[in-house]
Structures are given as structure tokens and as C-alpha cells.
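Below is protein13.csv, which holds CSV, C-alpha atoms.
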```
chain,number,residue,atom,x,y,z
A,5,MET,CA,8.4,-7.6,-21.4
A,6,THR,CA,11.1,-5.4,-20.0
A,7,ALA,CA,9.6,-1.9,-20.7
A,8,PHE,CA,6.1,-0.7,-20.2
A,9,THR,CA,4.1,2.3,-19.1
A,10,ALA,CA,3.0,2.6,-15.5
A,11,LEU,CA,0.4,5.1,-14.2
A,12,ALA,CA,-0.3,6.5,-10.8
A,13,LEU,CA,-3.9,7.4,-11.4
A,14,GLN,CA,-4.8,10.4,-9.3
A,15,VAL,CA,-8.6,10.2,-8.6
A,16,ARG,CA,-11.0,11.8,-6.2
A,17,THR,CA,-12.2,9.9,-3.1
A,18,GLN,CA,-15.8,10.2,-2.0
A,19,THR,CA,-15.9,9.0,1.6
A,20,VAL,CA,-18.7,6.8,2.9
A,21,ASN,CA,-18.6,7.7,6.6
A,22,GLY,CA,-21.9,9.5,6.5
A,23,ALA,CA,-23.4,8.0,3.3
A,24,ALA,CA,-27.0,6.7,3.5
A,25,ASP,CA,-26.0,3.8,1.2
A,26,PRO,CA,-22.3,3.2,1.4
A,27,ARG,CA,-22.4,0.2,-0.9
A,28,ALA,CA,-23.9,2.4,-3.6
A,29,GLU,CA,-21.1,4.9,-3.1
A,30,ILE,CA,-18.5,2.1,-3.5
A,31,ARG,CA,-20.2,0.9,-6.7
A,32,ALA,CA,-20.2,4.5,-8.1
A,33,ALA,CA,-16.5,4.8,-7.2
A,34,ILE,CA,-15.7,1.6,-9.1
A,35,GLU,CA,-17.6,2.9,-12.1
A,36,ARG,CA,-15.7,6.2,-12.1
A,37,ILE,CA,-12.4,4.3,-11.8
A,38,GLY,CA,-13.4,2.1,-14.7
A,39,ALA,CA,-14.1,5.1,-16.9
A,40,GLN,CA,-10.9,6.8,-16.0
A,41,VAL,CA,-8.7,3.7,-16.5
A,42,GLY,CA,-10.3,3.4,-19.9
A,43,GLY,CA,-9.7,7.0,-20.7
A,44,SER,CA,-6.1,6.7,-19.5
A,45,LYS,CA,-5.5,3.7,-21.7
A,46,ALA,CA,-6.8,5.5,-24.7
A,47,TRP,CA,-4.7,8.6,-23.9
A,48,LEU,CA,-1.4,6.8,-23.0
A,49,GLY,CA,-1.7,4.0,-25.5
A,50,PRO,CA,-1.4,0.2,-25.4
A,51,GLY,CA,1.9,0.3,-23.6
A,52,LEU,CA,0.0,1.1,-20.4
A,53,ARG,CA,0.2,-2.1,-18.3
A,54,LEU,CA,0.2,-1.0,-14.7
A,55,VAL,CA,-2.3,1.3,-13.0
A,56,VAL,CA,-1.9,2.1,-9.3
A,57,LEU,CA,-4.9,3.7,-7.5
A,58,PRO,CA,-4.8,5.9,-4.3
A,59,GLU,CA,-5.2,4.6,-0.8
A,60,TYR,CA,-8.8,3.7,0.3
A,61,VAL,CA,-10.0,5.2,-2.9
A,62,LEU,CA,-13.4,3.4,-2.7
A,63,THR,CA,-14.4,4.6,0.8
A,64,GLY,CA,-12.1,7.0,2.6
A,65,PHE,CA,-11.0,6.1,6.1
A,66,PRO,CA,-12.7,5.4,9.4
A,67,MET,CA,-13.0,8.3,11.9
A,68,ARG,CA,-15.2,7.7,14.9
A,69,GLU,CA,-16.7,4.4,13.6
A,70,SER,CA,-16.1,1.3,15.7
A,71,PHE,CA,-14.6,-1.8,14.2
A,72,ALA,CA,-18.0,-3.4,13.7
A,73,GLU,CA,-19.4,-0.2,12.1
A,74,TRP,CA,-16.6,0.2,9.6
A,75,ARG,CA,-16.6,-3.5,8.7
A,76,GLU,CA,-20.3,-3.2,7.8
A,77,ARG,CA,-20.0,0.1,6.1
A,78,ALA,CA,-16.8,-0.1,4.1
A,79,ALA,CA,-15.0,-3.5,4.3
A,80,LEU,CA,-15.1,-5.7,1.2
A,81,ASP,CA,-15.2,-9.5,1.0
A,82,PRO,CA,-12.3,-11.1,-0.8
A,83,GLY,CA,-13.8,-12.4,-4.0
A,84,GLY,CA,-16.9,-10.3,-3.5
A,85,PRO,CA,-18.8,-8.3,-6.1
A,86,GLU,CA,-16.6,-5.2,-5.7
A,87,TYR,CA,-13.4,-7.1,-6.4
A,88,ARG,CA,-15.1,-8.9,-9.3
A,89,ALA,CA,-16.0,-5.5,-10.8
A,90,LEU,CA,-12.4,-4.2,-10.4
A,91,ALA,CA,-11.1,-7.4,-12.0
A,92,GLY,CA,-13.3,-6.6,-14.9
A,93,ILE,CA,-11.6,-3.2,-15.3
A,94,ALA,CA,-8.2,-4.9,-15.4
A,95,VAL,CA,-9.4,-7.4,-18.0
A,96,ALA,CA,-11.2,-4.8,-20.2
A,97,HIS,CA,-8.2,-2.6,-20.4
A,98,ASP,CA,-5.4,-5.2,-20.3
A,99,VAL,CA,-3.7,-3.8,-17.2
A,100,PHE,CA,-2.4,-4.8,-13.9
A,101,LEU,CA,-4.6,-2.9,-11.4
A,102,CYS,CA,-3.5,-2.1,-7.9
A,103,VAL,CA,-6.3,-1.1,-5.6
A,104,ASN,CA,-6.3,-0.4,-1.8
A,105,ALA,CA,-9.4,-1.2,0.3
A,106,TYR,CA,-10.6,-2.3,3.6
A,107,GLU,CA,-11.6,-5.9,3.7
A,108,ARG,CA,-13.0,-8.6,5.9
A,109,ASP,CA,-11.4,-12.0,6.7
A,110,GLU,CA,-13.5,-15.1,7.6
A,111,HIS,CA,-10.7,-16.2,10.0
A,112,PHE,CA,-10.9,-13.0,12.0
A,113,PRO,CA,-14.6,-12.1,12.0
A,114,GLU,CA,-14.5,-9.2,14.5
A,115,LEU,CA,-11.7,-7.4,12.6
A,116,TYR,CA,-11.0,-5.9,9.2
A,117,PHE,CA,-7.6,-5.2,7.4
A,118,GLN,CA,-6.4,-2.6,5.0
A,119,ALA,CA,-5.5,-4.6,1.9
A,120,SER,CA,-3.7,-3.8,-1.3
A,121,VAL,CA,-4.7,-6.2,-4.1
A,122,ILE,CA,-3.2,-6.4,-7.6
A,123,LEU,CA,-5.5,-7.8,-10.3
A,124,SER,CA,-4.1,-9.1,-13.5
A,125,PRO,CA,-5.3,-8.6,-17.1
A,126,ALA,CA,-6.7,-12.1,-16.8
A,127,GLY,CA,-8.9,-11.0,-13.9
A,128,GLU,CA,-6.9,-13.0,-11.4
A,129,THR,CA,-5.7,-11.8,-7.9
A,130,VAL,CA,-1.9,-12.1,-8.2
A,131,LEU,CA,-1.1,-10.3,-4.9
A,132,ARG,CA,-3.0,-9.6,-1.7
A,133,TYR,CA,-1.0,-7.6,0.9
A,134,ARG,CA,-2.5,-6.6,4.3
A,135,ARG,CA,-0.9,-3.5,5.6
A,136,LEU,CA,1.5,-4.2,8.5
A,137,HIS,CA,2.0,-0.7,9.9
A,138,SER,CA,-1.2,1.2,10.8
A,139,MET,CA,-2.0,3.5,13.7
A,140,PHE,CA,-5.6,2.7,14.2
A,141,THR,CA,-6.4,-0.2,11.9
A,142,PRO,CA,-5.8,-3.9,12.8
A,143,THR,CA,-2.9,-5.5,11.0
A,144,PRO,CA,-1.7,-9.1,10.6
A,145,TYR,CA,0.9,-8.4,13.4
A,146,ASP,CA,-2.0,-8.0,15.8
A,147,VAL,CA,-3.1,-11.6,15.2
A,148,TRP,CA,0.3,-12.8,14.4
A,149,GLY,CA,0.5,-16.4,15.4
A,150,ASP,CA,-2.8,-17.3,13.8
A,151,TYR,CA,-2.2,-15.2,10.7
A,152,VAL,CA,1.2,-16.8,9.9
A,153,GLU,CA,-0.2,-20.2,10.5
A,154,ILE,CA,-3.1,-19.6,8.0
A,155,TYR,CA,-1.2,-17.5,5.3
A,156,GLY,CA,2.5,-18.2,5.9
A,157,MET,CA,5.2,-15.6,5.5
A,158,ASP,CA,4.6,-15.5,1.7
A,159,GLY,CA,1.2,-14.2,2.5
A,160,VAL,CA,2.6,-11.6,4.9
A,161,LEU,CA,5.3,-10.3,2.5
A,162,PRO,CA,4.0,-11.2,-1.0
A,163,VAL,CA,5.7,-10.4,-4.2
A,164,ALA,CA,3.9,-11.0,-7.5
A,165,ARG,CA,6.1,-12.4,-10.3
A,166,THR,CA,4.4,-11.2,-13.4
A,167,GLU,CA,5.0,-10.6,-17.1
A,168,ILE,CA,5.8,-6.9,-16.3
A,169,GLY,CA,8.2,-7.7,-13.5
A,170,ASN,CA,8.1,-8.4,-9.8
A,171,LEU,CA,5.5,-6.2,-8.1
A,172,ALA,CA,5.0,-5.5,-4.4
A,173,VAL,CA,3.1,-2.9,-2.3
A,174,LEU,CA,4.0,-0.4,0.3
A,175,ALA,CA,0.8,1.2,1.7
A,176,SER,CA,0.7,4.9,2.6
A,177,GLU,CA,2.9,5.6,5.6
A,178,GLU,CA,4.7,2.3,5.1
A,179,ILE,CA,6.9,4.1,2.6
A,180,LEU,CA,8.5,5.5,5.9
A,181,MET,CA,9.4,2.0,7.0
A,182,PRO,CA,12.7,1.0,5.4
A,183,GLU,CA,12.7,-2.5,6.8
A,184,LEU,CA,9.6,-3.4,4.9
A,185,ALA,CA,10.8,-2.2,1.6
A,186,ARG,CA,14.1,-3.9,2.0
A,187,ALA,CA,12.5,-7.2,2.9
A,188,LEU,CA,10.3,-7.1,-0.2
A,189,ALA,CA,13.3,-6.2,-2.3
A,190,PHE,CA,15.2,-9.1,-1.0
A,191,ARG,CA,12.2,-11.2,-1.9
A,192,GLY,CA,12.6,-10.0,-5.5
A,193,ALA,CA,10.4,-6.9,-5.7
A,194,GLU,CA,11.4,-4.6,-8.6
A,195,VAL,CA,8.4,-2.2,-8.6
A,196,PHE,CA,6.9,-0.8,-5.4
A,197,CYS,CA,3.3,0.2,-5.9
A,198,HIS,CA,2.5,2.9,-3.3
A,199,PRO,CA,-1.2,3.7,-2.8
A,200,THR,CA,-1.4,6.7,-0.6
A,201,SER,CA,-3.6,9.5,0.6
A,202,GLU,CA,-1.3,12.1,2.0
A,203,ALA,CA,-0.9,15.8,2.6
A,204,SER,CA,0.7,17.3,-0.5
A,205,SER,CA,2.9,20.3,-0.8
A,206,PRO,CA,5.2,22.0,-3.3
A,207,ALA,CA,8.0,21.3,-0.8
A,208,LEU,CA,9.3,17.8,-0.1
A,209,THR,CA,7.2,16.1,2.5
A,210,PRO,CA,8.5,13.2,4.7
A,211,LYS,CA,6.8,10.6,2.4
A,212,ALA,CA,8.2,12.2,-0.7
A,213,ILE,CA,11.7,12.1,0.7
A,214,ALA,CA,11.0,8.4,1.7
A,215,ARG,CA,9.9,7.5,-1.8
A,216,ARG,CA,13.2,8.6,-3.2
A,217,ALA,CA,15.1,6.9,-0.4
A,218,ARG,CA,13.3,3.6,-0.8
A,219,ALA,CA,14.0,3.6,-4.6
A,220,VAL,CA,17.7,4.3,-4.1
A,221,GLU,CA,18.2,1.9,-1.2
A,222,ASN,CA,16.6,-1.0,-3.0
A,223,LEU,CA,17.3,-0.2,-6.6
A,224,ALA,CA,13.6,-0.3,-7.4
A,225,TYR,CA,10.9,1.8,-9.1
A,226,VAL,CA,8.2,3.5,-7.0
A,227,VAL,CA,4.8,4.2,-8.5
A,228,SER,CA,3.0,6.4,-6.0
A,229,ALA,CA,-0.7,7.3,-6.5
A,230,ASN,CA,-2.1,10.0,-4.2
A,231,THR,CA,-5.7,11.1,-3.9
A,232,GLY,CA,-7.0,13.8,-6.2
A,233,GLY,CA,-9.1,15.4,-3.5
A,234,LEU,CA,-11.2,14.1,-0.6
A,235,SER,CA,-14.9,14.9,-0.1
A,236,GLY,CA,-17.7,13.9,2.4
A,237,ILE,CA,-15.9,14.6,5.7
A,238,ALA,CA,-14.8,17.7,7.6
A,239,ILE,CA,-11.1,17.6,6.6
A,240,PRO,CA,-10.5,20.2,3.8
A,241,GLY,CA,-10.8,18.3,0.6
A,242,ASP,CA,-7.6,19.5,-1.1
A,243,SER,CA,-5.4,18.6,1.9
A,244,THR,CA,-4.8,15.3,0.2
A,245,ASN,CA,-4.6,16.4,-3.4
A,246,GLY,CA,-1.8,16.0,-5.9
A,247,GLY,CA,1.8,14.9,-6.1
A,248,SER,CA,1.4,11.4,-7.5
A,249,GLU,CA,4.7,10.4,-8.9
A,250,LEU,CA,7.0,7.8,-10.4
A,251,ILE,CA,10.6,7.5,-9.1
A,252,ASP,CA,13.4,5.5,-10.7
A,253,HIS,CA,16.1,3.4,-9.0
A,254,GLU,CA,18.4,6.4,-8.8
A,255,GLY,CA,15.8,8.6,-7.1
A,256,ARG,CA,14.9,10.6,-10.1
A,257,VAL,CA,11.3,11.8,-10.7
A,258,LEU,CA,10.1,10.3,-14.0
A,259,ALA,CA,6.7,12.0,-13.8
A,260,GLN,CA,4.7,14.0,-11.3
A,261,ALA,CA,1.0,15.2,-11.2
A,262,GLY,CA,-0.3,18.5,-10.0
A,263,ALA,CA,-3.6,18.8,-8.2
A,264,GLY,CA,-6.9,17.3,-9.2
A,265,GLU,CA,-7.8,14.1,-11.0
A,266,SER,CA,-5.0,13.4,-13.4
A,267,LEU,CA,-3.2,10.9,-15.6
A,268,VAL,CA,0.0,13.0,-15.7
A,269,ALA,CA,1.9,10.7,-13.4
A,270,ALA,CA,2.8,8.2,-16.0
A,271,ALA,CA,6.1,7.0,-17.4
A,272,GLU,CA,7.9,4.1,-19.0
A,273,LEU,CA,9.6,1.7,-16.6
A,274,ASP,CA,12.6,-0.1,-18.1
A,275,LEU,CA,13.3,-3.3,-16.1
A,276,ALA,CA,16.3,-4.2,-18.2
A,277,VAL,CA,18.1,-1.0,-17.0
A,278,LEU,CA,17.1,-1.8,-13.4
A,279,ARG,CA,18.2,-5.4,-13.5
A,280,ARG,CA,21.6,-4.4,-14.9
A,281,ALA,CA,22.0,-2.0,-12.0
A,282,ARG,CA,21.2,-4.7,-9.5
A,283,ARG,CA,23.8,-7.0,-10.9
A,284,ARG,CA,26.5,-4.4,-11.3
A,285,PRO,CA,29.1,-4.3,-8.5
A,286,GLY,CA,29.9,-0.9,-7.0
A,287,MET,CA,29.1,1.5,-4.2
A,288,ALA,CA,25.6,2.3,-5.6
A,289,ASN,CA,24.6,-1.4,-5.3
A,290,LEU,CA,23.3,-0.9,-1.7
A,291,PRO,CA,21.2,-4.1,-1.3
A,292,SER,CA,24.4,-6.2,-1.9
A,293,ARG,CA,26.1,-4.4,0.9
A,294,VAL,CA,23.5,-4.9,3.6
A,295,LYS,CA,24.8,-6.9,6.6
A,296,THR,CA,21.7,-8.8,7.3
A,297,GLY,CA,23.1,-11.0,10.0
A,298,LEU,CA,24.3,-8.0,12.0
A,299,TRP,CA,20.9,-6.3,11.9
A,300,ALA,CA,18.9,-9.4,12.7
A,301,GLU,CA,20.9,-9.8,15.9
A,302,GLU,CA,20.7,-6.2,16.8
A,303,TYR,CA,16.9,-5.9,16.2
A,304,ALA,CA,16.3,-8.9,18.3
A,305,ARG,CA,17.7,-7.0,21.3
A,306,HIS,CA,15.0,-4.3,21.2
A,307,ASP,CA,11.5,-4.6,22.5
A,308,GLY,CA,9.4,-2.6,20.1
A,309,GLU,CA,5.7,-2.9,19.2
A,310,ARG,CA,4.5,-6.4,20.3
A,311,PRO,CA,2.1,-8.6,18.4
A,312,GLY,CA,-1.4,-9.3,19.7
A,313,GLY,CA,-4.0,-7.1,21.2
A,314,PRO,CA,-6.9,-7.0,18.8
A,315,ALA,CA,-6.7,-10.7,18.8
A,316,ALA,CA,-8.5,-10.6,22.1
A,317,GLY,CA,-11.4,-8.6,20.5
A,318,ALA,CA,-12.2,-5.3,18.9
A,319,ARG,CA,-10.4,-2.2,20.3
A,320,ASP,CA,-11.1,1.5,20.2
A,321,ARG,CA,-8.7,4.2,19.1
A,322,ALA,CA,-7.7,5.0,22.7
A,323,TRP,CA,-6.3,1.4,23.0
A,324,PHE,CA,-4.0,1.9,20.0
A,325,ARG,CA,-2.7,5.2,21.5
A,326,THR,CA,-2.0,3.5,24.8
A,327,ARG,CA,-0.2,0.7,23.1
A,328,GLN,CA,2.1,3.2,21.3
A,329,ALA,CA,2.8,5.0,24.5
A,330,GLU,CA,3.8,1.8,26.2
A,331,THR,CA,6.1,0.9,23.3
A,332,ILE,CA,7.8,4.3,23.5
A,333,GLU,CA,8.4,3.8,27.2
A,334,ARG,CA,10.0,0.4,26.6
A,335,LEU,CA,12.2,1.9,23.9
A,336,TYR,CA,13.3,5.1,25.6
A,337,GLY,CA,12.3,4.9,29.2
A,338,ALA,CA,9.8,6.9,31.2
```
Could you show the structure in this file as C-alpha cells?
Amino acid sequence: MTAFTALALQVRTQTVNGAADPRAEIRAAIERIGAQVGGSKAWLGPGLRLVVLPEYVLTGFPMRESFAEWRERAALDPGGPEYRALAGIAVAHDVFLCVNAYERDEHFPELYFQASVILSPAGETVLRYRRLHSMFTPTPYDVWGDYVEIYGMDGVLPVARTEIGNLAVLASEEILMPELARALAFRGAEVFCHPTSEASSPALTPKAIARRARAVENLAYVVSANTGGLSGIAIPGDSTNGGSELIDHEGRVLAQAGAGESLVAAAELDLAVLRRARRRPGMANLPSRVKTGLWAEEYARHDGERPGGPAAGARDRAWFRTRQAETIERLYGA
């Protein structure tokens, strides 16, 4: 299959921060998603094969909760009932379903990670990516040595080779990290799934600019699903509402949603066109012009964010701020 319809499904997020029964809220969110994926399939037709959901669509995000509190309240178990229910949605509607959620890991019992999982129409997990850049959430880089030993680099930077092309994930603000997208593209990624929950605006935001840049830089499609409103916390609910979009490898917007829950951000992705572009010599073929050896040597000279930290135990938000301040001082001086 070289052409199919992809959908950035813009749905509302009900946060679980103050919920009396957070697991019931998560189950309700999965039921809503199932109904909306089914409705979208009926509306868009059988060519719909990829559905990307917004960032932390099942729970919202932690605010003042400790690591332990958020693990208990919002984190899923890989292979647990929530993922099984989401896999059932993928099977029922014959789609690849990309969902972003917080999840536990038996190897790191005091922590949780923000994961993006792609479930296949057969109900299988074909990709599990743990977000590498996060301000206040632990990442694999924080437990680097052990994480790589357990999962390997293919587990750190996964690309799913599927019947609808090679899929990878950039989570939320990671669209602003060109190195990550480039590494995944070099590993074969053709479609970047981008679950996000971001401030939306009629003007181009930093993330909107970055989506276009990542598509052009890597000759890749970007399928970006933003939240269709946020409820249950003090942040104004429409701050993260609208702008889900699909971008082609030349930076063109194929479809874009307005505010509210919406299936408007859907378009056909043609992998044959993209693959021809990737194999065509010329100035626009930017991946083929990257001087990887030069940049590997230059990056090694700079002391940026260091691995470790939460590996020694759970940390509060102040610790993450201090770590960032120390990194800035190393990079730029006092």
C-alpha cells in the first residue's frame, strides 16, 4: 500500500488530576475515543488506515502530583487493560492507532514515562516510544545506562515498518528537536506521528513552524493531533484547542482542523511520491546532504544535559529546574 488516508483526530481531554476515580475516567476516555474512531472511519471511508490521537488524551498531565501519586493515578501498565481496550479499537476499525499515555515500567518501579504506542489492525503493539525530551517527566535518558542495556537503541529510537509505511513518533515539544527527527528519518521513518497538546493560534506558533521544518528537512509526512479542549483543571480549556494538521514533505498543509472535536484534519498520504523525492538527487534532498561525521564530532565537544538524576530516586519539579539551570551555565557560562 503506497497511498492511504491518515487522520489527526482532535478530541477533548478530561484530566484526572482531581478525579475521585481516575481509572473510571480513563475507561470513559477510551470509550469516547472508540466511538469517534468508528464515526471517523464511517465518514472518511475504508481508506482510513492511520489515526493519531492527541498527547496524554486519557489523563491530562501532572501538575503538583509527586511521581508516586501520578504513577498511581494516571500511569498505565504495558499490556494492561487500557492498552488492550485501545488495541480493540484498532482491530475493530482496521486502523493503526497512535496513542500517547503515561506508563509504568517494571524495571524502574519508582518512575513513569510518557509513552507513544502504535497499535496495529491486528491488535499488536508495533511501536513503543518513550519521550526523550521532557521538562518535568522522567525520560530514558535519566536512567540511560540501564535503559539501553534493557531495550537497546532500537527501543530508544524505534521505527515501525508496516504495510502503510515506516512510522515513528515525535511527542509534543519534541517537534522542536531537529536531531530527534533526523535520527528517526535516517532509521527509515517516512511518517512522523505527532501527538501534542499545545497552545493554538491563528498565527504560526513555534511548534507549527517546526512541523513544517521537520517535514522539509527530512522529506517526511507529519500527522499532528492536538487536543480539542482541556477540562478538569484551572487552565482555560480552549488554550489547547485546534490546529491539528497534516504536512507533506514539501511543507504544505494538506488538511487542518479548527477548534473543538474534529475529524477535519485528514488527508491522503502518498508514499510513492515521498519515496521518489527521497531518491531524487538535487538541492531539495536535504537528508542526503547532511554531514553526519562533522556534526557527531562537534556535538561531542559540548556538555549539554547529562544523563542520570532520577535514576537515584524520584525527584520534584524543583530538581528538574535546577538541572536545566546547571546545563545552561555549562553551555553559556554564568
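Distances here use all atoms listed in the file; by that measure, the residue among A:Ala96, A:Ala72, A:Ala270, A:Leu290 closest to A:Leu13 is A:Ala270.
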- Distance atom CA of A:Glu110-atom CA of A:Leu161, one decimal place? 20.1 Å
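Comparing A:Met139, A:Ala105, A:Val130, A:Ile122 by their smallest distance to A:Ala329, the closest is A:Met139 (using only C-alpha atoms).
Summary of the local environment: counting all atoms listed in the file, residues at most 12 Å from A:Gly83, other than itself and those fewer than 2 positions away along its chain, are Leu80, Asp81, Pro85, Glu86, Tyr87, Arg88, Ala89, Leu90, Ala91, Glu107, Arg108, Asp109, Glu110, Val121, Leu123, Gly127, Glu128, Thr129 and Arg132 of chain A.
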- Message: Could you list, as a list in words, every residue within 12 Å of A:Gly38, counting all atoms listed in the file and ignoring same-chain residues fewer than 4 positions away?
- Response: Leu13, Val15, Arg31, Ala32, Ala33, Ile34, Gly42, Gly43, Ser44, Lys45, Val55, Leu57, Ala89, Leu90, Ala91, Gly92, Ile93, Ala94, Val95, Ala96, His97, Val99, Leu101 and Val103 of chain A
- Query: Of the candidates A:Arg135, A:Arg319, A:Arg305, A:Arg165, which one gets nearest to A:Glu114 if we count only C-alpha atoms?
  - Reply: A:Arg319
Repaired coordinates for stretch 131-147 of chain A (N, CA and C atoms) as a PDB file, in the coordinates of the input:
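New file rebuild.pdb:
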```
ATOM      1  N   LEU A 131      -1.766 -10.705  -6.179  1.00  0.00           N
ATOM      2  CA  LEU A 131      -1.100 -10.300  -4.900  1.00  0.00           C
ATOM      3  C   LEU A 131      -2.221  -9.752  -3.995  1.00  0.00           C
ATOM      4  N   ARG A 132      -2.169 -10.166  -2.752  1.00  0.00           N
ATOM      5  CA  ARG A 132      -3.000  -9.600  -1.700  1.00  0.00           C
ATOM      6  C   ARG A 132      -2.088  -9.315  -0.505  1.00  0.00           C
ATOM      7  N   TYR A 133      -1.899  -8.044  -0.205  1.00  0.00           N
ATOM      8  CA  TYR A 133      -1.000  -7.600   0.900  1.00  0.00           C
ATOM      9  C   TYR A 133      -1.875  -6.888   1.928  1.00  0.00           C
ATOM     10  N   ARG A 134      -1.813  -7.327   3.187  1.00  0.00           N
ATOM     11  CA  ARG A 134      -2.500  -6.600   4.300  1.00  0.00           C
ATOM     12  C   ARG A 134      -1.462  -5.736   4.985  1.00  0.00           C
ATOM     13  N   ARG A 135      -1.792  -4.475   5.066  1.00  0.00           N
ATOM     14  CA  ARG A 135      -0.900  -3.500   5.600  1.00  0.00           C
ATOM     15  C   ARG A 135      -0.424  -3.887   7.042  1.00  0.00           C
ATOM     16  N   LEU A 136       0.888  -3.780   7.267  1.00  0.00           N
ATOM     17  CA  LEU A 136       1.500  -4.200   8.500  1.00  0.00           C
ATOM     18  C   LEU A 136       1.705  -3.098   9.520  1.00  0.00           C
ATOM     19  N   HIS A 137       1.732  -1.849   9.054  1.00  0.00           N
ATOM     20  CA  HIS A 137       2.000  -0.700   9.900  1.00  0.00           C
ATOM     21  C   HIS A 137       0.769   0.238   9.795  1.00  0.00           C
ATOM     22  N   SER A 138      -0.014   0.347  10.845  1.00  0.00           N
ATOM     23  CA  SER A 138      -1.200   1.200  10.800  1.00  0.00           C
ATOM     24  C   SER A 138      -1.442   1.702  12.244  1.00  0.00           C
ATOM     25  N   MET A 139      -1.772   2.973  12.377  1.00  0.00           N
ATOM     26  CA  MET A 139      -2.000   3.500  13.700  1.00  0.00           C
ATOM     27  C   MET A 139      -3.232   3.013  14.374  1.00  0.00           C
ATOM     28  N   PHE A 140      -4.340   2.978  13.632  1.00  0.00           N
ATOM     29  CA  PHE A 140      -5.600   2.700  14.200  1.00  0.00           C
ATOM     30  C   PHE A 140      -6.363   1.489  13.599  1.00  0.00           C
ATOM     31  N   THR A 141      -5.795   0.882  12.578  1.00  0.00           N
ATOM     32  CA  THR A 141      -6.400  -0.200  11.900  1.00  0.00           C
ATOM     33  C   THR A 141      -5.724  -1.534  12.266  1.00  0.00           C
ATOM     34  N   PRO A 142      -6.451  -2.624  12.518  1.00  0.00           N
ATOM     35  CA  PRO A 142      -5.800  -3.900  12.800  1.00  0.00           C
ATOM     36  C   PRO A 142      -4.885  -4.331  11.670  1.00  0.00           C
ATOM     37  N   THR A 143      -3.820  -5.034  12.029  1.00  0.00           N
ATOM     38  CA  THR A 143      -2.900  -5.500  11.000  1.00  0.00           C
ATOM     39  C   THR A 143      -2.627  -7.025  11.309  1.00  0.00           C
ATOM     40  N   PRO A 144      -2.025  -7.730  10.351  1.00  0.00           N
ATOM     41  CA  PRO A 144      -1.700  -9.100  10.600  1.00  0.00           C
ATOM     42  C   PRO A 144      -0.806  -9.310  11.863  1.00  0.00           C
ATOM     43  N   TYR A 145      -0.010  -8.318  12.204  1.00  0.00           N
ATOM     44  CA  TYR A 145       0.900  -8.400  13.400  1.00  0.00           C
ATOM     45  C   TYR A 145       0.038  -8.494  14.675  1.00  0.00           C
ATOM     46  N   ASP A 146      -1.191  -7.972  14.636  1.00  0.00           N
ATOM     47  CA  ASP A 146      -2.000  -8.000  15.800  1.00  0.00           C
ATOM     48  C   ASP A 146      -2.655  -9.361  16.078  1.00  0.00           C
ATOM     49  N   VAL A 147      -2.636 -10.213  15.085  1.00  0.00           N
ATOM     50  CA  VAL A 147      -3.100 -11.600  15.200  1.00  0.00           C
ATOM     51  C   VAL A 147      -2.058 -12.533  14.705  1.00  0.00           C
TER      52      VAL A 147
END
```
